[in-house]
$ cat query-v1.txt   # compact mmCIF, C-alpha atoms and all ligand atoms
# COMPACT_ATOMS: atom_id res chain seq x y z
CA MET S 1 75.55 90.59 87.86
CA VAL S 2 77.87 89.19 90.54
CA GLN S 3 78.30 92.58 92.18
CA ALA S 4 74.59 93.16 92.58
CA GLN S 5 74.21 89.70 94.14
CA GLU S 6 76.99 90.52 96.58
CA VAL S 7 75.29 93.75 97.62
CA THR S 8 72.05 91.88 98.38
CA ASP S 9 73.94 89.26 100.37
CA ASP S 10 75.74 91.96 102.34
CA ARG S 11 72.48 93.53 103.34
CA LEU S 12 71.07 90.19 104.46
CA LEU S 13 74.18 89.46 106.51
CA PHE S 14 74.14 92.95 107.94
CA ASP S 15 70.51 92.56 109.07
CA LYS S 16 71.26 89.10 110.41
CA TRP S 17 74.03 90.54 112.53
CA LEU S 18 71.95 93.53 113.68
CA SER S 19 69.23 91.15 114.82
CA GLY S 20 71.77 89.55 117.16
CA ASP S 21 73.16 86.65 115.12
CA PRO S 22 76.98 86.71 115.38
CA ALA S 23 77.27 84.61 112.22
CA GLY S 24 76.18 87.65 110.22
CA PHE S 25 79.18 89.63 111.38
CA SER S 26 81.75 86.87 111.14
CA GLU S 27 80.73 86.22 107.54
CA LEU S 28 80.98 89.88 106.60
CA TYR S 29 84.29 90.14 108.42
CA GLY S 30 85.63 87.09 106.61
CA ARG S 31 84.51 88.55 103.32
CA TYR S 32 85.96 92.03 103.65
CA SER S 33 88.57 92.30 106.41
CA SER S 34 91.56 91.51 104.20
CA ARG S 35 90.52 94.19 101.71
CA VAL S 36 90.04 96.83 104.39
CA PHE S 37 93.28 95.80 106.05
CA GLY S 38 95.14 95.85 102.72
CA PHE S 39 93.95 99.41 102.20
CA LEU S 40 94.94 100.52 105.71
CA LEU S 41 98.33 98.87 105.43
CA ARG S 42 99.10 100.50 102.07
CA MET S 43 97.98 103.90 103.32
CA THR S 44 99.85 103.88 106.64
CA GLY S 45 102.80 101.67 105.80
CA ASP S 46 102.72 100.40 109.38
CA ARG S 47 101.29 97.02 110.29
CA ASP S 48 100.67 97.81 113.98
CA VAL S 49 98.95 101.08 113.20
CA ALA S 50 96.88 99.42 110.47
CA GLU S 51 95.77 96.67 112.88
CA ASP S 52 94.52 99.23 115.38
CA MET S 53 92.75 101.07 112.57
CA LEU S 54 91.12 97.88 111.38
CA GLN S 55 89.60 97.42 114.82
CA GLU S 56 88.48 101.03 114.89
CA THR S 57 86.97 100.78 111.42
CA PHE S 58 84.78 97.80 112.24
CA LEU S 59 83.83 99.20 115.64
CA ALA S 60 82.87 102.54 114.08
CA ALA S 61 80.89 100.78 111.36
CA MET S 62 79.02 98.86 113.99
CA ARG S 63 78.30 101.84 116.17
CA ASN S 64 77.00 103.81 113.21
CA ALA S 65 75.09 100.96 111.64
CA ASP S 66 72.03 103.17 111.30
CA GLN S 67 73.96 105.48 108.97
CA PHE S 68 74.61 102.75 106.43
CA ASP S 69 72.95 103.74 103.16
CA ARG S 70 71.47 100.49 101.90
CA SER S 71 71.43 101.64 98.30
CA ARG S 72 75.23 101.53 98.35
CA SER S 73 77.67 98.71 98.87
CA LEU S 74 78.75 97.81 102.38
CA LEU S 75 82.36 97.58 101.27
CA SER S 76 82.32 101.15 99.93
CA TRP S 77 80.93 102.27 103.24
CA LEU S 78 83.65 100.41 105.17
CA PHE S 79 86.31 101.96 102.95
CA GLY S 80 84.85 105.40 103.58
CA ILE S 81 85.22 104.82 107.33
CA ALA S 82 88.72 103.42 106.89
CA HIS S 83 89.63 106.49 104.82
CA LYS S 84 88.60 108.74 107.72
CA ARG S 85 90.87 106.76 110.03
CA THR S 86 93.85 107.34 107.75
CA ILE S 87 93.06 111.07 107.56
CA ASP S 88 93.00 111.28 111.37
CA TYR S 89 96.21 109.32 111.48
CA TYR S 90 98.03 111.66 109.12
CA ARG S 91 96.59 114.72 110.83
CA HIS S 92 97.70 113.65 114.28
CA ALA S 93 100.91 111.86 113.61
CA LYS S 94 102.15 113.96 110.68
CA VAL S 95 104.11 110.98 109.58
CA GLU S 96 103.41 111.02 105.88
CA SER S 97 106.79 112.35 104.86
CA ASP S 98 108.65 110.05 107.22
CA HIS S 99 106.70 107.10 105.99
CA ALA S 100 107.09 107.82 102.31
CA ALA S 101 110.71 106.79 102.57
CA ASP S 102 110.39 103.59 104.54
CA THR S 103 107.01 102.15 103.66
CA ALA S 104 108.31 99.94 100.89
CA GLY S 105 110.60 98.16 103.33
CA SER S 106 108.33 97.89 106.35
CA VAL S 107 105.09 96.82 104.73
CA GLY S 108 106.04 93.51 103.24
CA SER S 109 103.25 91.24 102.19
CA ARG S 110 101.43 88.60 104.12
CA LEU S 111 98.26 86.93 102.97
CA ASP S 112 98.84 83.44 104.19
CA SER S 113 96.54 81.23 102.23
CA PRO S 114 97.35 77.65 101.37
CA GLU S 115 97.15 78.31 97.65
CA ASP S 116 99.72 81.07 97.91
CA ASN S 117 102.37 79.44 95.80
CA LEU S 118 105.77 80.90 95.17
CA ALA S 119 104.87 82.60 91.89
CA ASN S 120 101.82 84.19 93.46
CA LYS S 121 103.86 85.36 96.44
CA ARG S 122 106.37 86.97 94.15
CA LEU S 123 103.63 88.62 92.12
CA ARG S 124 102.07 89.99 95.29
CA ALA S 125 105.37 91.41 96.45
CA VAL S 126 106.04 93.03 93.08
CA VAL S 127 102.58 94.59 92.84
CA HIS S 128 102.83 95.85 96.41
CA ASP S 129 106.17 97.48 95.75
CA ALA S 130 104.81 99.10 92.62
CA VAL S 131 101.72 100.45 94.42
CA GLN S 132 103.86 101.70 97.28
CA THR S 133 105.82 104.00 94.97
CA LEU S 134 102.64 105.93 94.16
CA GLU S 135 102.15 109.39 95.56
CA PRO S 136 99.63 109.04 98.48
CA SER S 137 96.63 110.66 96.77
CA GLN S 138 97.10 108.44 93.70
CA ARG S 139 97.62 105.42 95.90
CA GLU S 140 94.42 106.17 97.78
CA VAL S 141 92.25 106.49 94.66
CA PHE S 142 93.83 103.34 93.28
CA MET S 143 93.21 101.31 96.44
CA LEU S 144 89.68 102.63 96.96
CA ARG S 145 88.80 101.70 93.40
CA GLU S 146 90.65 98.42 92.92
CA LEU S 147 90.48 96.90 96.39
CA GLY S 148 87.37 98.60 97.75
CA GLY S 149 85.42 98.54 94.51
CA VAL S 150 84.32 102.08 95.37
CA PRO S 151 82.78 103.87 92.36
CA PHE S 152 84.59 107.04 91.24
CA LYS S 153 81.56 109.11 92.15
CA GLU S 154 81.87 107.94 95.75
CA ILE S 155 85.68 108.22 95.76
CA ALA S 156 85.26 111.91 94.92
CA GLU S 157 82.83 112.28 97.85
CA ILE S 158 85.08 110.37 100.23
CA MET S 159 88.17 112.38 99.27
CA GLY S 160 86.31 115.66 98.98
CA CYS S 161 87.42 116.42 95.45
CA PRO S 162 85.76 116.82 92.03
CA ILE S 163 85.23 113.53 90.20
CA ASN S 164 87.58 114.65 87.40
CA THR S 165 90.36 115.04 89.97
CA ALA S 166 89.76 111.51 91.20
CA LEU S 167 89.79 110.23 87.59
CA GLY S 168 92.99 112.13 86.83
CA ARG S 169 94.71 110.62 89.87
CA MET S 170 93.56 107.15 88.86
CA ARG S 171 94.88 107.61 85.35
CA LEU S 172 98.29 108.65 86.71
CA ALA S 173 98.23 105.78 89.19
CA LEU S 174 97.61 103.27 86.39
CA ILE S 175 100.43 104.70 84.27
CA ASN S 176 102.84 104.73 87.21
CA VAL S 177 102.00 101.23 88.44
CA ARG S 178 102.42 99.91 84.92
CA LYS S 179 105.81 101.60 84.67
CA GLU S 180 106.92 100.22 88.04
CA LEU S 181 105.73 96.72 87.16
CA LYS S 182 107.71 96.90 83.94
CA LYS S 183 110.82 97.92 85.89
CA ARG S 184 110.31 94.80 88.01
CA GLY S 185 110.03 92.52 85.04
CA ILE S 186 106.25 92.40 84.53
CA ASP S 187 105.51 93.81 81.13
CA GLY S 188 101.77 93.89 80.51
CA VAL S 189 99.31 91.03 80.51
CA GLN S 190 98.61 88.98 77.43
CA MET M 1 98.70 111.82 69.98
CA GLU M 2 96.91 111.47 73.29
CA CYS M 3 93.14 111.03 73.31
CA SER M 4 91.66 112.35 76.53
CA LYS M 5 88.58 110.15 76.44
CA PHE M 6 89.99 107.19 78.33
CA GLU M 7 90.77 109.23 81.43
CA VAL M 8 87.11 110.10 81.96
CA SER M 9 84.78 107.96 79.90
CA GLY M 10 87.11 104.95 79.73
CA LEU M 11 87.65 104.69 83.46
CA LEU M 12 83.96 105.22 84.19
CA TYR M 13 83.09 102.68 81.51
CA VAL M 14 85.25 99.95 83.06
CA SER M 15 83.92 100.93 86.49
CA GLY M 16 80.36 100.45 85.23
CA GLU M 17 79.39 104.01 86.08
CA LEU M 18 78.25 105.19 82.66
CA SER M 19 74.60 105.34 81.76
CA ASP M 20 73.47 103.05 78.93
CA SER M 21 73.59 105.83 76.36
CA GLU M 22 77.01 107.06 77.56
CA ALA M 23 78.35 103.51 77.45
CA ARG M 24 77.07 103.08 73.89
CA GLU M 25 78.73 106.32 72.91
CA TYR M 26 82.08 105.26 74.37
CA GLU M 27 81.85 101.87 72.67
CA SER M 28 81.38 103.53 69.31
CA HIS M 29 84.42 105.72 70.11
CA LEU M 30 86.42 102.56 70.79
CA GLY M 31 85.64 101.47 67.25
CA SER M 32 87.45 104.46 65.83
CA CYS M 33 90.16 105.23 68.48
CA GLU M 34 93.03 102.76 68.57
CA GLU M 35 94.53 104.42 71.64
CA CYS M 36 91.42 104.19 73.82
CA ARG M 37 90.86 100.62 72.68
CA ALA M 38 94.37 99.62 73.74
CA GLU M 39 94.12 101.48 77.06
CA THR M 40 90.76 99.98 77.92
CA GLU M 41 91.89 96.46 77.12
CA ALA M 42 95.18 96.84 79.01
CA TYR M 43 93.36 98.14 82.10
CA ARG M 44 90.86 95.28 82.00
CA ARG M 45 93.64 92.72 81.75
CA GLU M 46 95.62 94.31 84.58
CA ARG M 47 92.56 94.37 86.81
CA ALA M 48 91.91 90.70 86.21
CA ALA M 49 95.51 89.63 86.73
CA TYR M 50 96.97 91.99 89.36
CA TYR M 51 94.41 94.25 90.96
CA THR M 52 92.49 91.53 92.75
CA PRO M 53 91.70 91.06 96.47
CA GLU M 54 94.06 88.07 96.46
CA ILE M 55 96.96 90.22 95.30
CA LEU M 56 96.18 93.51 97.03
CA GLY M 57 94.54 92.25 100.23
CA GLU M 58 96.38 91.62 103.49
CA ARG M 59 95.71 89.68 106.68
CA PRO M 60 96.22 91.08 110.16
CA ARG M 61 97.62 88.85 112.90
CA PRO M 62 95.14 86.14 114.02
CA GLU M 63 94.84 87.70 117.50
CA VAL M 64 93.56 90.89 115.87
CA ASP M 65 90.94 88.87 114.00
CA SER M 66 89.74 87.17 117.16
CA GLU M 67 89.67 90.43 119.10
CA ILE M 68 87.49 92.08 116.44
CA LEU M 69 85.20 89.06 116.25
CA ARG M 70 84.94 88.98 120.03
CA VAL M 71 84.00 92.64 120.30
CA CYS M 72 81.86 93.09 117.22
CA SER M 73 79.90 89.86 116.94
CA ASN M 74 77.17 90.91 119.34
CA PRO M 75 75.72 94.27 118.28
CA LYS M 76 74.17 94.93 121.69
CA LYS M 77 77.36 94.30 123.63
CA ALA M 78 79.47 96.02 121.02
CA ALA M 79 77.93 99.45 121.51
CA ALA M 80 79.68 99.73 124.86
CA ALA M 81 82.69 97.54 124.16
CA THR M 82 86.25 98.69 123.77
CA PHE M 83 89.16 97.09 122.02
CA MET M 84 92.50 96.26 123.41
CA PRO M 85 94.71 98.58 121.41
CA MET M 86 97.21 96.27 119.77
CA LEU M 87 99.83 98.95 119.25
CA PHE M 88 99.60 100.01 122.89
CA LEU M 89 99.88 96.42 124.05
CA LYS M 90 102.86 95.75 121.86
CA LYS M 91 104.62 98.91 123.05
CA TYR M 92 103.91 98.67 126.76
CA ALA M 93 103.50 94.95 127.46
CA PRO M 94 107.28 94.48 127.92
CA ILE M 95 107.34 97.23 130.57
CA GLY M 96 104.41 95.58 132.35
CA VAL M 97 106.14 92.21 132.31
CA PHE M 98 109.32 93.80 133.65
CA LEU M 99 107.43 95.48 136.52
CA MET M 100 105.75 92.20 137.39
CA LEU M 101 109.09 90.41 137.47
CA VAL M 102 110.50 93.10 139.76
CA MET M 103 107.50 92.72 142.07
CA VAL M 104 107.83 88.95 142.13
CA ALA M 105 111.54 89.28 142.88
CA ILE M 106 110.92 91.71 145.76
CA GLY M 107 108.13 89.53 147.11
CA GLY M 108 110.33 86.46 146.91
CA TYR M 109 113.22 88.21 148.65
CA ILE M 110 111.03 89.28 151.56
CA ARG M 111 109.33 85.92 151.84
CA TYR M 112 112.71 84.21 151.90
CA HIS M 113 113.88 86.36 154.80
CA SER M 114 110.69 85.96 156.79
CA MET M 115 110.87 82.22 156.24
CA ALA M 116 114.46 82.23 157.36
CA ALA M 117 113.34 83.92 160.56
CA ASP M 118 110.57 81.36 161.07
CA ASP M 119 113.10 78.66 160.45
CA LEU M 120 115.49 80.08 162.98
CA ARG M 121 112.74 80.41 165.54
CA ALA M 122 111.66 76.85 164.93
CA LYS M 123 115.21 75.69 165.48
CA TYR M 124 115.37 77.53 168.76
CA ASP M 125 112.02 76.09 169.78
CA ALA M 126 113.22 72.61 169.06
CA GLY M 127 116.43 73.31 170.99
CA LYS M 128 118.67 72.41 168.09
CA SER M 129 122.44 72.27 168.47
CA THR M 130 124.32 75.61 168.57
CA ASP M 131 126.27 74.65 165.45
CA ALA M 132 123.18 74.86 163.28
CA VAL M 133 122.08 78.14 164.79
CA ALA M 134 125.49 79.70 164.44
CA ILE M 135 125.09 79.74 160.66
CA GLU M 136 121.88 81.70 160.89
CA ARG M 137 122.88 84.03 163.67
CA PRO M 138 124.95 86.62 161.82
CA LYS M 139 122.11 87.23 159.36
CA THR M 140 119.69 87.94 162.17
CA ALA M 141 122.14 90.29 163.79
CA ALA M 142 122.68 92.14 160.56
CA ILE M 143 118.99 92.82 160.10
CA GLY M 144 118.48 94.63 163.35
CA ASP M 145 119.34 93.75 166.90
CA SER M 146 122.61 92.81 168.43
CA ALA M 147 123.76 89.23 168.51
CA GLN M 148 122.65 89.01 172.12
CA ALA M 149 119.06 89.26 171.00
CA ALA M 150 119.29 85.74 169.69
CA ALA M 151 120.33 84.53 173.10
CA GLY M 152 117.34 86.34 174.60
CA GLY M 153 114.89 83.82 173.21
CA ASP M 154 112.37 83.43 170.42
CA GLU M 155 110.17 86.45 171.17
CA LYS M 156 112.83 89.07 170.73
CA LEU M 157 114.32 87.40 167.71
CA ALA M 158 111.05 87.35 165.83
CA LEU M 159 110.54 91.03 166.54
CA SER M 160 113.91 92.15 165.30
CA ASP M 161 113.58 90.22 162.06
CA SER M 162 110.16 91.41 161.03
CA ALA M 163 110.96 94.99 162.01
CA ALA M 164 107.78 95.19 164.05
CA SER M 165 109.33 97.50 166.60
CA ALA M 166 106.13 98.53 168.35
CA GLY M 167 107.38 96.78 171.46
CA ASP M 168 104.99 93.86 171.15
CA SER M 169 106.47 90.70 172.50
CA ASN M 170 103.94 88.45 170.83
CA ALA M 171 105.71 86.37 168.19
CA ALA M 172 102.44 85.45 166.45
CA PHE M 173 101.65 89.12 165.90
CA SER M 174 105.02 89.92 164.38
CA LYS M 175 104.67 86.97 162.08
CA THR M 176 101.37 88.36 160.78
CA ARG M 177 103.01 91.70 160.14
CA GLY M 178 105.71 89.98 158.20
CA ASN M 179 103.22 88.22 155.96
CA LEU M 180 101.31 91.42 155.32
CA ASP M 181 104.48 93.05 154.16
CA VAL M 182 105.14 90.31 151.70
CA GLU M 183 101.72 90.19 150.12
CA GLY M 184 100.51 93.75 150.34
CA VAL M 185 102.52 96.74 151.33
CA VAL M 186 105.90 96.14 149.81
CA PRO M 187 104.92 95.11 146.26
CA VAL M 188 102.61 98.10 145.93
CA LYS M 189 105.45 100.40 146.95
CA GLY M 190 107.71 98.68 144.46
CA GLU M 191 105.20 99.24 141.64
CA GLY M 192 104.85 102.91 142.50
CA LYS M 193 108.53 103.60 142.00
ZN ZN D 1 90.11 107.78 72.30
$ encode --input "query-v1.txt" --output "structure tokens" --more "lines below"
Ligand SMILES: [Zn+2]
Amino acid sequence: MVQAQEVTDDRLLFDKWLSGDPAGFSELYGRYSSRVFGFLLRMTGDRDVAEDMLQETFLAAMRNADQFDRSRSLLSWLFGIAHKRTIDYYRHAKVESDHAADTAGSVGSRLDSPEDNLANKRLRAVVHDAVQTLEPSQREVFMLRELGGVPFKEIAEIMGCPINTALGRMRLALINVRKELKKRGIDGVQ
Amino acid sequence: MECSKFEVSGLLYVSGELSDSEAREYESHLGSCEECRAETEAYRRERAAYYTPEILGERPRPEVDSEILRVCSNPKKAAAATFMPMLFLKKYAPIGVFLMLVMVAIGGYIRYHSMAADDLRAKYDAGKSTDAVAIERPKTAAIGDSAQAAAGGDEKLALSDSAASAGDSNAAFSKTRGNLDVEGVVPVKGEGK
């Protein structure tokens, strides 16, 4: 399976980097930074804050390299660390309610790749807007699962809730995103 | 109307988290439950089309990328390294730039006046015409001493301009004081305020 292959590669790159080869890190960073950053941006709604958190996430991962459970995926682990950053952020800044109102406007979307044609850009913007309407706990489960590829079992651990709660939030997230996409002119996939 | 199986088994099935026997059980349920079949298929299609890293991922600014690569690439260095906080920089960099401009302006102002004094002294030394000196004279008088000081010769003039009022008549010494003020003392004071 592709996923299993990726996990093995991650471990090799991780070891390469730990042994002092910078190429190991830059490859892992290239592979996962846009996913981690996408998560942080959706959760905070603030690009500057998310950029600081991205730095903190990778620095924390590096400093706690010995805590990485090699039976799990590196990306899940990174998302777990990123999740902790967002919790600290909400705890200290207490900005959740303020942000709920203005996130949709301030987040925007920027993934500048050459193949980002107009249709793709529009699709990205529409999906982002739809995801941004989700209630934060639904949005978090959704992003952990879909962008982080974190299994539900681990999402429940990360969020400190029973797995059925995580599944319930995901189910609601899927229904709500679908509804919001429909409102924006995307009605299912054939 | 609503089958509850998709919410648990269906999501875990698509996520690949069911054991072989659980997966088999859910698949046989799909054969008999139209609702779960539709839900499972719709979710799979949505994942493939919309919930991808290309659609949901985001890029930070390139300078953030390079900062992270700089700090994290070497695991030995990284343990002690610190990041430049981007938010902090963005917030406070304009204030820093403003302070620097103020310092440069103050430094420039002082240097200009000390140079003007040197200039004036040089003109006296060379015994230039009184017309040329007359332009400079009021400025010197305004800084400190009376206009007669100018007539008293180069030593006194240099003293009054650089405000080195210790009573030293050595022009070279006062000039050094003037330079010190420009490069050290005054800008630091300016920054403190
Ligand atoms: Zn069913």
$ residues_near_point --input "query-v1.txt" --point "(80.1, 104.4, 87.8)" --cutoff "12 Å" --atoms "all atoms listed in the file" --output "ChimeraX atom specification"
/S:72,145,149-156,163,167 /M:8-20,22-23
$ atom_distance --input "query-v1.txt" --atom1 "CA of His29 (chain M)" --atom2 "CA of Arg169 (chain S)"
22.8 Å
$ closest_residue --input "query-v1.txt" --among "M:Ser114, M:Tyr109, M:Glu34, M:Glu27" --to "ligand ZN 1 (chain D)" --atoms "only C-alpha atoms and all ligand atoms"
M:Glu34
$ residues_near_ligand --input "query-v1.txt" --ligand "ligand ZN 1 (chain D)" --cutoff "8 Å" --atoms "all atoms listed in the file" --output "count of residues only"
13
$ residues_around --input "query-v1.txt" --residues "region 52-60 of chain M" --least-positions-apart "4" --cutoff "9 Å" --atoms "only C-alpha atoms" --output "number ranges by chain"
S: 33-39, 41, 47-48, 50-51, 54, 109-112, 120-121, 123-125, 127-128, 143, 146-148; M: 47-48, 64-65
$ atom_distance --input "query-v1.txt" --atom1 "CA of Gly160 (chain S)" --atom2 "CA of Tyr43 (chain M)"
25.3 Å
